$ cat start22.cif   # mmCIF, C-alpha atoms
data_data
loop_
_atom_site.label_atom_id
_atom_site.label_comp_id
_atom_site.auth_asym_id
_atom_site.auth_seq_id
_atom_site.Cartn_x
_atom_site.Cartn_y
_atom_site.Cartn_z
CA MET A 1 -93.19 -203.04 138.66
CA THR A 2 -94.10 -205.97 136.42
CA ARG A 3 -91.21 -207.38 134.53
CA TYR A 4 -92.05 -207.11 130.84
CA THR A 5 -90.93 -209.70 128.35
CA ASN A 6 -88.70 -208.68 125.46
CA ARG A 7 -89.70 -210.85 122.53
CA LEU A 8 -87.03 -209.73 120.13
CA PRO A 9 -84.49 -212.28 119.00
CA PRO A 10 -81.03 -211.82 120.53
CA ASP A 11 -79.49 -210.55 117.29
CA HIS A 12 -82.24 -208.06 116.47
CA PRO A 13 -80.77 -204.53 116.12
CA ASP A 14 -83.58 -203.05 118.24
CA ARG A 15 -83.43 -205.60 121.03
CA GLU A 16 -81.49 -203.41 123.42
CA LEU A 17 -83.64 -200.36 122.76
CA VAL A 18 -86.87 -202.31 123.26
CA GLY A 19 -85.39 -203.74 126.43
CA ARG A 20 -84.68 -200.27 127.73
CA LEU A 21 -88.17 -199.04 126.93
CA LEU A 22 -89.76 -202.07 128.56
CA GLY A 23 -87.54 -201.44 131.54
CA GLY A 24 -88.94 -197.93 131.85
CA ASP A 25 -85.84 -196.05 130.66
CA GLU A 26 -87.16 -192.52 130.41
CA ARG A 27 -84.15 -191.13 128.66
CA ALA A 28 -84.37 -193.75 125.91
CA PHE A 29 -88.02 -192.91 125.46
CA THR A 30 -87.42 -189.16 125.38
CA GLU A 31 -84.72 -189.57 122.76
CA LEU A 32 -87.12 -191.47 120.53
CA VAL A 33 -89.89 -188.93 121.03
CA ARG A 34 -87.52 -186.16 119.99
CA ALA A 35 -85.88 -188.00 117.11
CA TRP A 36 -89.14 -189.21 115.59
CA TYR A 37 -91.45 -186.27 116.27
CA GLY A 38 -90.71 -184.39 113.03
CA PRO A 39 -90.79 -187.47 110.77
CA LEU A 40 -93.97 -188.80 112.43
CA MET A 41 -95.66 -185.42 112.08
CA ARG A 42 -94.73 -185.18 108.42
CA MET A 43 -96.03 -188.68 107.76
CA ALA A 44 -99.25 -187.85 109.61
CA ARG A 45 -99.68 -184.77 107.45
CA ASN A 46 -99.99 -187.04 104.41
CA PHE A 47 -103.32 -188.09 105.92
CA VAL A 48 -104.64 -185.18 107.96
CA ALA A 49 -104.99 -181.50 107.24
CA SER A 50 -104.13 -179.88 110.56
CA GLU A 51 -101.03 -179.81 112.74
CA ALA A 52 -103.20 -180.23 115.82
CA VAL A 53 -104.80 -183.43 114.54
CA ALA A 54 -101.40 -184.72 113.40
CA GLU A 55 -100.09 -184.11 116.90
CA GLU A 56 -102.99 -186.04 118.40
CA ALA A 57 -102.26 -188.91 116.02
CA VAL A 58 -98.64 -188.90 117.17
CA GLN A 59 -99.64 -188.98 120.83
CA GLU A 60 -102.14 -191.77 120.23
CA THR A 61 -99.40 -193.65 118.42
CA TRP A 62 -97.14 -193.64 121.43
CA LEU A 63 -99.97 -194.89 123.63
CA GLU A 64 -100.50 -197.77 121.26
CA VAL A 65 -96.78 -198.43 121.26
CA PHE A 66 -96.87 -198.80 125.05
CA LYS A 67 -99.79 -201.20 124.82
CA GLY A 68 -98.21 -203.33 122.13
CA LEU A 69 -94.52 -203.22 122.99
CA GLU A 70 -94.48 -206.37 125.06
CA ARG A 71 -96.03 -208.29 122.17
CA PHE A 72 -93.72 -206.76 119.56
CA GLU A 73 -91.70 -209.55 118.01
CA GLY A 74 -89.45 -207.48 115.77
CA ARG A 75 -90.53 -208.80 112.41
CA SER A 76 -89.97 -205.26 111.22
CA SER A 77 -87.77 -202.66 112.85
CA LEU A 78 -89.13 -200.82 115.87
CA ARG A 79 -89.22 -197.65 113.83
CA THR A 80 -91.22 -199.24 111.00
CA TRP A 81 -93.64 -200.70 113.52
CA VAL A 82 -94.17 -197.33 115.20
CA PHE A 83 -94.62 -195.55 111.87
CA ARG A 84 -97.10 -198.17 110.74
CA ILE A 85 -99.16 -197.51 113.86
CA LEU A 86 -98.95 -193.78 113.14
CA MET A 87 -100.14 -194.27 109.58
CA ASN A 88 -103.15 -196.26 110.80
CA ARG A 89 -104.01 -193.65 113.44
CA ALA A 90 -103.56 -190.74 111.04
CA ARG A 91 -105.56 -192.43 108.33
CA THR A 92 -108.43 -193.07 110.76
CA ARG A 93 -108.35 -189.43 111.79
CA GLY A 94 -108.17 -188.32 108.20
CA GLU A 95 -111.15 -190.42 107.24
CA ARG A 96 -113.12 -188.76 110.00
CA GLU A 97 -112.17 -185.43 108.51
CA HIS A 98 -113.03 -186.76 105.04
CA ARG A 99 -109.60 -185.57 104.06
CA SER A 100 -107.47 -188.60 104.06
CA VAL A 101 -105.20 -189.74 101.29
CA PRO A 102 -106.19 -193.33 100.56
CA PHE A 103 -103.48 -195.71 101.68
CA SER A 104 -103.33 -197.13 98.18
CA ALA A 105 -102.16 -193.74 96.95
CA LEU A 106 -99.09 -194.08 99.11
CA ALA A 107 -98.56 -197.69 98.18
CA GLY A 108 -98.91 -197.59 94.43
CA THR A 109 -97.50 -195.45 91.72
CA GLY A 110 -100.64 -193.39 92.25
CA GLU A 111 -101.81 -190.96 89.66
CA ASP A 112 -98.57 -191.16 87.73
CA ARG A 113 -99.55 -193.86 85.33
CA GLY A 114 -97.22 -194.36 82.43
CA GLU A 115 -94.06 -192.45 81.67
CA GLU A 116 -92.95 -189.35 83.45
CA PRO A 117 -89.64 -188.19 82.01
CA ALA A 118 -87.02 -187.07 84.50
CA VAL A 119 -86.22 -184.11 82.28
CA ASP A 120 -88.33 -182.30 79.68
CA PRO A 121 -87.71 -184.29 76.48
CA SER A 122 -87.38 -181.11 74.43
CA ARG A 123 -84.02 -180.55 76.09
CA PHE A 124 -82.55 -183.47 74.19
CA GLY A 125 -81.80 -183.83 70.51
CA PRO A 126 -82.96 -186.76 68.39
CA ASP A 127 -79.80 -188.67 69.31
CA GLY A 128 -80.68 -188.36 72.99
CA HIS A 129 -77.95 -185.86 73.85
CA TRP A 130 -78.36 -182.53 75.63
CA LEU A 131 -79.15 -179.66 73.27
CA ALA A 132 -77.83 -177.32 75.92
CA PHE A 133 -75.92 -178.58 78.94
CA PRO A 134 -77.57 -178.00 82.29
CA GLU A 135 -76.03 -174.97 83.91
CA GLU A 136 -73.78 -175.71 86.82
CA TRP A 137 -75.32 -174.50 90.01
CA PRO A 138 -73.46 -171.59 91.54
CA ARG A 139 -71.14 -172.20 94.44
CA LEU A 140 -72.73 -169.52 96.57
CA SER A 141 -70.09 -168.07 98.80
CA PRO A 142 -69.34 -167.74 101.59
CA GLU A 143 -71.99 -170.10 102.89
CA GLY A 144 -72.22 -172.46 99.92
CA LEU A 145 -75.23 -173.96 98.22
CA LEU A 146 -75.92 -176.56 100.87
CA GLU A 147 -76.09 -173.94 103.62
CA SER A 148 -78.43 -171.58 101.80
CA ARG A 149 -81.62 -171.22 103.80
CA GLU A 150 -83.44 -169.71 100.85
CA LEU A 151 -82.67 -172.73 98.71
CA ALA A 152 -83.59 -175.06 101.54
CA GLY A 153 -86.96 -173.32 101.50
CA HIS A 154 -87.30 -174.04 97.80
CA VAL A 155 -86.43 -177.70 98.35
CA ALA A 156 -89.02 -177.91 101.12
CA SER A 157 -91.69 -176.29 98.93
CA ALA A 158 -90.88 -178.57 96.05
CA ILE A 159 -91.29 -181.59 98.31
CA ASP A 160 -94.56 -180.23 99.71
CA ALA A 161 -95.85 -179.86 96.17
CA LEU A 162 -95.26 -183.53 95.38
CA PRO A 163 -98.13 -186.00 95.36
CA ALA A 164 -98.28 -187.89 98.66
CA ASN A 165 -96.80 -191.14 97.31
CA LEU A 166 -93.69 -189.42 95.94
CA ARG A 167 -93.33 -187.22 98.99
CA ALA A 168 -93.56 -190.12 101.42
CA VAL A 169 -90.74 -192.01 99.71
CA VAL A 170 -88.36 -189.07 99.23
CA GLU A 171 -88.86 -187.90 102.79
CA LEU A 172 -88.28 -191.34 104.29
CA ARG A 173 -85.24 -192.04 102.10
CA ASP A 174 -83.51 -188.72 101.57
CA ARG A 175 -84.67 -186.72 104.55
CA ASP A 176 -85.02 -189.35 107.26
CA GLN A 177 -82.28 -191.64 105.89
CA TRP A 178 -84.34 -194.83 105.96
CA SER A 179 -83.03 -197.76 104.00
CA SER A 180 -84.95 -198.85 100.92
CA GLU A 181 -85.80 -202.11 102.74
CA GLU A 182 -87.46 -200.23 105.60
CA VAL A 183 -89.41 -197.98 103.24
CA CYS A 184 -90.66 -200.97 101.26
CA ASP A 185 -91.60 -202.72 104.49
CA LEU A 186 -93.53 -199.70 105.77
CA LEU A 187 -95.34 -198.85 102.56
CA GLY A 188 -95.80 -202.44 101.42
CA ILE A 189 -94.24 -201.83 98.03
CA SER A 190 -91.54 -203.54 96.01
CA ASP A 191 -88.02 -202.21 95.78
CA ALA A 192 -88.53 -201.48 92.08
CA ASN A 193 -91.70 -199.54 92.79
CA GLN A 194 -90.00 -197.61 95.59
CA ARG A 195 -87.17 -196.71 93.22
CA VAL A 196 -89.56 -195.41 90.58
CA LEU A 197 -91.24 -193.16 93.15
CA LEU A 198 -87.90 -191.99 94.51
CA HIS A 199 -86.66 -191.27 91.00
CA ARG A 200 -89.71 -189.21 90.11
CA ALA A 201 -89.58 -187.30 93.37
CA ARG A 202 -85.89 -186.44 93.05
CA SER A 203 -86.32 -185.47 89.39
CA ARG A 204 -89.10 -183.06 90.25
CA VAL A 205 -87.26 -181.50 93.17
CA ARG A 206 -84.12 -181.10 91.06
CA GLN A 207 -86.25 -179.48 88.37
CA ALA A 208 -87.72 -177.06 90.90
CA LEU A 209 -84.27 -176.11 92.15
CA GLU A 210 -83.02 -175.69 88.61
CA SER A 211 -85.85 -173.28 87.88
CA ARG A 212 -84.54 -171.15 90.70
CA LEU A 213 -80.91 -171.39 89.79
CA GLY A 214 -80.93 -171.15 85.99
CA LYS A 215 -81.46 -173.54 83.14
CA GLY A 216 -79.25 -174.49 80.25
CA LYS A 217 -76.36 -172.86 78.51
CA THR A 218 -74.88 -173.71 75.14
CA PRO A 219 -72.13 -176.32 75.41
CA MET B 1 -74.19 -196.09 73.28
CA LEU B 2 -75.87 -194.57 76.29
CA GLY B 3 -77.43 -191.19 75.55
CA CYS B 4 -77.86 -188.27 77.90
CA ARG B 5 -81.59 -188.72 78.07
CA GLU B 6 -81.18 -192.38 79.05
CA LEU B 7 -78.76 -191.34 81.75
CA THR B 8 -81.26 -188.95 83.30
CA GLU B 9 -83.80 -191.76 83.34
CA THR B 10 -81.51 -194.28 85.02
CA VAL B 11 -79.64 -192.05 87.45
CA THR B 12 -81.54 -193.36 90.47
CA ASP B 13 -80.79 -196.99 89.63
CA TYR B 14 -77.14 -195.95 89.40
CA LEU B 15 -77.10 -194.11 92.71
CA GLU B 16 -78.94 -196.97 94.40
CA GLY B 17 -76.35 -199.45 93.17
CA ARG B 18 -79.02 -201.35 91.30
CA MET B 19 -77.41 -201.46 87.89
CA ARG B 20 -75.89 -204.49 86.30
CA LEU B 21 -72.16 -204.23 85.82
CA TRP B 22 -72.35 -203.63 82.08
CA ASP B 23 -74.94 -200.86 82.39
CA ARG B 24 -72.93 -199.27 85.17
CA LEU B 25 -69.82 -199.27 82.99
CA ARG B 26 -71.70 -197.68 80.10
CA PHE B 27 -73.11 -195.11 82.50
CA GLN B 28 -69.70 -194.22 83.92
CA PHE B 29 -68.11 -194.20 80.47
CA HIS B 30 -70.70 -191.72 79.25
CA LEU B 31 -70.16 -189.56 82.33
CA GLY B 32 -66.49 -189.38 81.53
CA LEU B 33 -67.26 -187.98 78.10
CA CYS B 34 -70.19 -185.72 78.84
CA LYS B 35 -69.96 -182.58 80.94
CA GLY B 36 -73.70 -182.03 80.73
CA CYS B 37 -74.41 -185.36 82.37
CA ARG B 38 -71.73 -184.86 85.01
CA THR B 39 -73.50 -181.62 85.88
CA TYR B 40 -76.86 -183.37 85.95
CA LEU B 41 -75.63 -186.12 88.26
CA ASP B 42 -74.07 -183.48 90.49
CA GLN B 43 -77.40 -181.66 90.62
CA ILE B 44 -79.24 -184.81 91.65
CA ARG B 45 -76.66 -185.46 94.36
CA THR B 46 -76.94 -181.88 95.58
CA THR B 47 -80.73 -182.18 95.63
CA VAL B 48 -80.49 -185.32 97.73
CA LYS B 49 -77.99 -183.68 100.12
CA MET B 50 -80.13 -180.60 100.53
CA THR B 51 -83.16 -182.76 101.27
CA GLY B 52 -81.15 -184.52 103.95
CA ARG B 53 -80.22 -181.21 105.52
CA LEU B 54 -83.73 -179.79 105.83
CA PRO B 55 -84.32 -178.64 109.41
CA GLU B 56 -86.55 -180.65 111.67
CA ALA B 57 -89.32 -179.28 113.85
CA PRO B 58 -88.49 -179.73 117.54
CA VAL B 59 -91.00 -181.37 119.86
CA PRO B 60 -93.04 -178.73 121.65
CA PRO B 61 -92.19 -179.00 125.37
CA ASP B 62 -95.81 -179.54 126.39
CA VAL B 63 -96.14 -182.42 123.95
CA GLU B 64 -92.92 -183.96 125.20
CA ASN B 65 -93.93 -183.58 128.84
CA ALA B 66 -97.36 -185.08 128.21
CA LEU B 67 -95.77 -188.08 126.53
CA ILE B 68 -93.28 -188.57 129.34
CA GLU B 69 -96.18 -188.52 131.80
CA ARG B 70 -97.91 -191.24 129.79
CA PHE B 71 -94.70 -193.21 129.75
CA ARG B 72 -94.49 -192.95 133.52
CA ASP B 73 -98.12 -194.08 133.82
CA TRP B 74 -97.30 -197.08 131.68
CA LYS B 75 -94.23 -197.85 133.76
CA ARG B 76 -96.32 -197.81 136.89
CA HIS B 77 -98.75 -200.11 135.11
CA ASP B 78 -101.52 -197.60 135.62
CA PRO B 79 -104.49 -197.82 133.31
CA ALA B 80 -104.50 -194.98 130.77
CA PRO B 81 -107.24 -192.37 131.38
#
$ encode --input "start22.cif" --output "structure tokens"
Amino acid sequence: MTRYTNRLPPDHPDRELVGRLLGGDERAFTELVRAWYGPLMRMARNFVASEAVAEEAVQETWLEVFKGLERFEGRSSLRTWVFRILMNRARTRGEREHRSVPFSALAGTGEDRGEEPAVDPSRFGPDGHWLAFPEEWPRLSPEGLLESRELAGHVASAIDALPANLRAVVELRDRDQWSSEEVCDLLGISDANQRVLLHRARSRVRQALESRLGKGKTP
Amino acid sequence: MLGCRELTETVTDYLEGRMRLWDRLRFQFHLGLCKGCRTYLDQIRTTVKMTGRLPEAPVPPDVENALIERFRDWKRHDPAP
């Protein structure tokens, strides 16, 4: 088998992984396929309507990864590079379907021009304080709030209902645990911009959960 | 003085560690005095945690197997069909 060249600098965090892939390590590859399948599919679904097309985009992505891996220099992380390929593939597919979200909608603040308050302003008095404190969310027992599948469903729906630019950021950061640097690198946005999108997304999801769990009580 | 409304608008900067020291102190001072805002911050944190715990779709076995086959093709330096 041809010996592939690993172009990553010695201190690059992905150097060993890339080396293993280039060396044909099937287990390393399988682990990546499994770990990134869900996140890649969800990112693809920002661009294409159907699961089947999203899956094709994911498969095409991996083929492109194989083709390009020997030339990959590690200017971004391996993961960012792979996701960038996926976004290009999914966007191409989406354009064919005439159903793609324009890339700019993921990159910019999108349709949310101007102010979007985190909380309905009518909940505050003129001095900026709560008129009624938010109600503490119940400690559902025995499983607890975090374990509640029903509430997880509400969180998932709330995220699905977000515009694509907010959804992309909150999923990458809070669901997939990407760093803000990686998200900014992938989406080509500033840290400040990314934070605005994250803030709006979290505010909306919190709001949706609150609607399920009860609103405000008198302090 | 930091108001509750301002807190709800800046909570992400706070959680991201992107606040200047003085603003962070004002934020924390207000939290100490205001149960409503402590609840709000807790709700945001819970929202973030729940997002992080959402289940992930597993790879369908046929998709995984197809990809492994492609990987093996690539290893063998075979041209892709």
$ interface_residues --input "start22.cif" --of "chain A" --to "chain B" --cutoff "8 Å" --atoms "only C-alpha atoms" --output "PyMOL selection string"
chain A and resi 1-2+23-24+26+29-30+33-34+37-38+59+62-63+66+117-119+121+124+127-130+132-137+146+152+155-156+171+174-177+195+198-199+202-203+205-206+209+219
$ write_last_selection --input "start22.cif" --atoms "C-alpha atoms" --output "short mmCIF file (atom, residue, chain, number, x, y, z; two decimals), keeping the file's coordinate frame"
data_model
loop_
_atom_site.label_atom_id
_atom_site.label_comp_id
_atom_site.auth_asym_id
_atom_site.auth_seq_id
_atom_site.Cartn_x
_atom_site.Cartn_y
_atom_site.Cartn_z
CA MET A 1 -93.19 -203.04 138.66
CA THR A 2 -94.10 -205.97 136.42
CA GLY A 23 -87.54 -201.44 131.54
CA GLY A 24 -88.94 -197.93 131.85
CA GLU A 26 -87.16 -192.52 130.41
CA PHE A 29 -88.02 -192.91 125.46
CA THR A 30 -87.42 -189.16 125.38
CA VAL A 33 -89.89 -188.93 121.03
CA ARG A 34 -87.52 -186.16 119.99
CA TYR A 37 -91.45 -186.27 116.27
CA GLY A 38 -90.71 -184.39 113.03
CA GLN A 59 -99.64 -188.98 120.83
CA TRP A 62 -97.14 -193.64 121.43
CA LEU A 63 -99.97 -194.89 123.63
CA PHE A 66 -96.87 -198.80 125.05
CA PRO A 117 -89.64 -188.19 82.01
CA ALA A 118 -87.02 -187.07 84.50
CA VAL A 119 -86.22 -184.11 82.28
CA PRO A 121 -87.71 -184.29 76.48
CA PHE A 124 -82.55 -183.47 74.19
CA ASP A 127 -79.80 -188.67 69.31
CA GLY A 128 -80.68 -188.36 72.99
CA HIS A 129 -77.95 -185.86 73.85
CA TRP A 130 -78.36 -182.53 75.63
CA ALA A 132 -77.83 -177.32 75.92
CA PHE A 133 -75.92 -178.58 78.94
CA PRO A 134 -77.57 -178.00 82.29
CA GLU A 135 -76.03 -174.97 83.91
CA GLU A 136 -73.78 -175.71 86.82
CA TRP A 137 -75.32 -174.50 90.01
CA LEU A 146 -75.92 -176.56 100.87
CA ALA A 152 -83.59 -175.06 101.54
CA VAL A 155 -86.43 -177.70 98.35
CA ALA A 156 -89.02 -177.91 101.12
CA GLU A 171 -88.86 -187.90 102.79
CA ASP A 174 -83.51 -188.72 101.57
CA ARG A 175 -84.67 -186.72 104.55
CA ASP A 176 -85.02 -189.35 107.26
CA GLN A 177 -82.28 -191.64 105.89
CA ARG A 195 -87.17 -196.71 93.22
CA LEU A 198 -87.90 -191.99 94.51
CA HIS A 199 -86.66 -191.27 91.00
CA ARG A 202 -85.89 -186.44 93.05
CA SER A 203 -86.32 -185.47 89.39
CA VAL A 205 -87.26 -181.50 93.17
CA ARG A 206 -84.12 -181.10 91.06
CA LEU A 209 -84.27 -176.11 92.15
CA PRO A 219 -72.13 -176.32 75.41
#
$ atom_distance --input "start22.cif" --atom1 "CA of Ala35 (chain A)" --atom2 "CA of Gly19 (chain A)"
18.3 Å
$ atom_distance --input "start22.cif" --atom1 "CA of Leu22 (chain A)" --atom2 "CA of Arg93 (chain A)"
28.0 Å
$ resolve_selection --input "start22.cif" --expression "the PyMOL selection byres ((chain A and resi 77) around 9)" --output "PDB file with C-alpha atoms, in the coordinates of the input"
ATOM      1  CA  HIS A  12     -82.240-208.060 116.470  1.00  0.00           C
ATOM      2  CA  PRO A  13     -80.770-204.530 116.120  1.00  0.00           C
ATOM      3  CA  ASP A  14     -83.580-203.050 118.240  1.00  0.00           C
ATOM      4  CA  GLY A  74     -89.450-207.480 115.770  1.00  0.00           C
ATOM      5  CA  ARG A  75     -90.530-208.800 112.410  1.00  0.00           C
ATOM      6  CA  SER A  76     -89.970-205.260 111.220  1.00  0.00           C
ATOM      7  CA  LEU A  78     -89.130-200.820 115.870  1.00  0.00           C
ATOM      8  CA  ARG A  79     -89.220-197.650 113.830  1.00  0.00           C
ATOM      9  CA  THR A  80     -91.220-199.240 111.000  1.00  0.00           C
ATOM     10  CA  TRP A  81     -93.640-200.700 113.520  1.00  0.00           C
ATOM     11  CA  VAL A  82     -94.170-197.330 115.200  1.00  0.00           C
ATOM     12  CA  GLU A 182     -87.460-200.230 105.600  1.00  0.00           C
TER      13      GLU A 182
END
$ residues_around --input "start22.cif" --residues "Ala161 (chain A)" --least-positions-apart "4" --cutoff "12 Å" --atoms "all atoms listed in the file" --output "PDB file with C-alpha atoms, in the coordinates of the input"
ATOM      1  CA  ASN A  46     -99.990-187.040 104.410  1.00  0.00           C
ATOM      2  CA  HIS A 154     -87.300-174.040  97.800  1.00  0.00           C
ATOM      3  CA  VAL A 155     -86.430-177.700  98.350  1.00  0.00           C
ATOM      4  CA  ALA A 156     -89.020-177.910 101.120  1.00  0.00           C
ATOM      5  CA  SER A 157     -91.690-176.290  98.930  1.00  0.00           C
ATOM      6  CA  ASN A 165     -96.800-191.140  97.310  1.00  0.00           C
ATOM      7  CA  LEU A 166     -93.690-189.420  95.940  1.00  0.00           C
ATOM      8  CA  ARG A 167     -93.330-187.220  98.990  1.00  0.00           C
ATOM      9  CA  ALA A 168     -93.560-190.120 101.420  1.00  0.00           C
ATOM     10  CA  ALA A 201     -89.580-187.300  93.370  1.00  0.00           C
ATOM     11  CA  ARG A 204     -89.100-183.060  90.250  1.00  0.00           C
ATOM     12  CA  VAL A 205     -87.260-181.500  93.170  1.00  0.00           C
ATOM     13  CA  ALA A 208     -87.720-177.060  90.900  1.00  0.00           C
TER      14      ALA A 208
END
$ atom_distance --input "start22.cif" --atom1 "CA of Leu21 (chain B)" --atom2 "CA of Pro126 (chain A)"
26.9 Å
$ axis_aligned_box --input "start22.cif" --around "region 55-73 of chain B" --padding-each-side "5 Å" --output "AutoDock Vina command-line options"
--center_x -91.2 --center_y -186.4 --center_z 121.6 --size_x 23.8 --size_y 25.4 --size_z 34.4
$ decode --input "start22.cif" --residues "region 62-100 of chain A" --atoms "C-alpha atoms" --output "PDB file, in the first residue's frame"
ATOM      1  CA  TRP A  62     -16.457  10.812   3.604  1.00  0.00           C
ATOM      2  CA  LEU A  63     -15.407  10.047   0.036  1.00  0.00           C
ATOM      3  CA  GLU A  64     -14.121  13.573  -0.321  1.00  0.00           C
ATOM      4  CA  VAL A  65     -12.347  13.239   3.000  1.00  0.00           C
ATOM      5  CA  PHE A  66     -10.484  10.201   1.668  1.00  0.00           C
ATOM      6  CA  LYS A  67      -9.502  12.084  -1.459  1.00  0.00           C
ATOM      7  CA  GLY A  68      -8.296  15.144   0.396  1.00  0.00           C
ATOM      8  CA  LEU A  69      -6.826  13.709   3.578  1.00  0.00           C
ATOM      9  CA  GLU A  70      -3.280  13.467   2.331  1.00  0.00           C
ATOM     10  CA  ARG A  71      -3.363  17.153   1.391  1.00  0.00           C
ATOM     11  CA  PHE A  72      -5.001  18.225   4.657  1.00  0.00           C
ATOM     12  CA  GLU A  73      -2.624  20.561   6.439  1.00  0.00           C
ATOM     13  CA  GLY A  74      -4.577  21.063   9.649  1.00  0.00           C
ATOM     14  CA  ARG A  75      -5.213  24.772   9.414  1.00  0.00           C
ATOM     15  CA  SER A  76      -8.531  23.951  11.024  1.00  0.00           C
ATOM     16  CA  SER A  77      -9.329  20.906  13.106  1.00  0.00           C
ATOM     17  CA  LEU A  78     -10.071  17.661  11.280  1.00  0.00           C
ATOM     18  CA  ARG A  79     -13.638  17.869  12.482  1.00  0.00           C
ATOM     19  CA  THR A  80     -14.130  21.416  11.177  1.00  0.00           C
ATOM     20  CA  TRP A  81     -12.630  20.411   7.847  1.00  0.00           C
ATOM     21  CA  VAL A  82     -14.962  17.421   7.530  1.00  0.00           C
ATOM     22  CA  PHE A  83     -18.013  19.472   8.506  1.00  0.00           C
ATOM     23  CA  ARG A  84     -17.065  22.158   6.020  1.00  0.00           C
ATOM     24  CA  ILE A  85     -16.999  19.527   3.273  1.00  0.00           C
ATOM     25  CA  LEU A  86     -20.388  18.284   4.460  1.00  0.00           C
ATOM     26  CA  MET A  87     -21.855  21.781   4.350  1.00  0.00           C
ATOM     27  CA  ASN A  88     -20.645  22.236   0.774  1.00  0.00           C
ATOM     28  CA  ARG A  89     -22.035  18.857  -0.305  1.00  0.00           C
ATOM     29  CA  ALA A  90     -25.353  19.406   1.452  1.00  0.00           C
ATOM     30  CA  ARG A  91     -25.706  22.901   0.085  1.00  0.00           C
ATOM     31  CA  THR A  92     -25.082  21.642  -3.458  1.00  0.00           C
ATOM     32  CA  ARG A  93     -27.719  18.970  -2.952  1.00  0.00           C
ATOM     33  CA  GLY A  94     -30.096  21.466  -1.446  1.00  0.00           C
ATOM     34  CA  GLU A  95     -29.695  23.839  -4.350  1.00  0.00           C
ATOM     35  CA  ARG A  96     -30.590  21.015  -6.696  1.00  0.00           C
ATOM     36  CA  GLU A  97     -33.726  20.491  -4.671  1.00  0.00           C
ATOM     37  CA  HIS A  98     -34.333  24.251  -4.669  1.00  0.00           C
ATOM     38  CA  ARG A  99     -34.630  23.907  -0.934  1.00  0.00           C
ATOM     39  CA  SER A 100     -31.360  25.010   0.426  1.00  0.00           C
TER      40      SER A 100
END
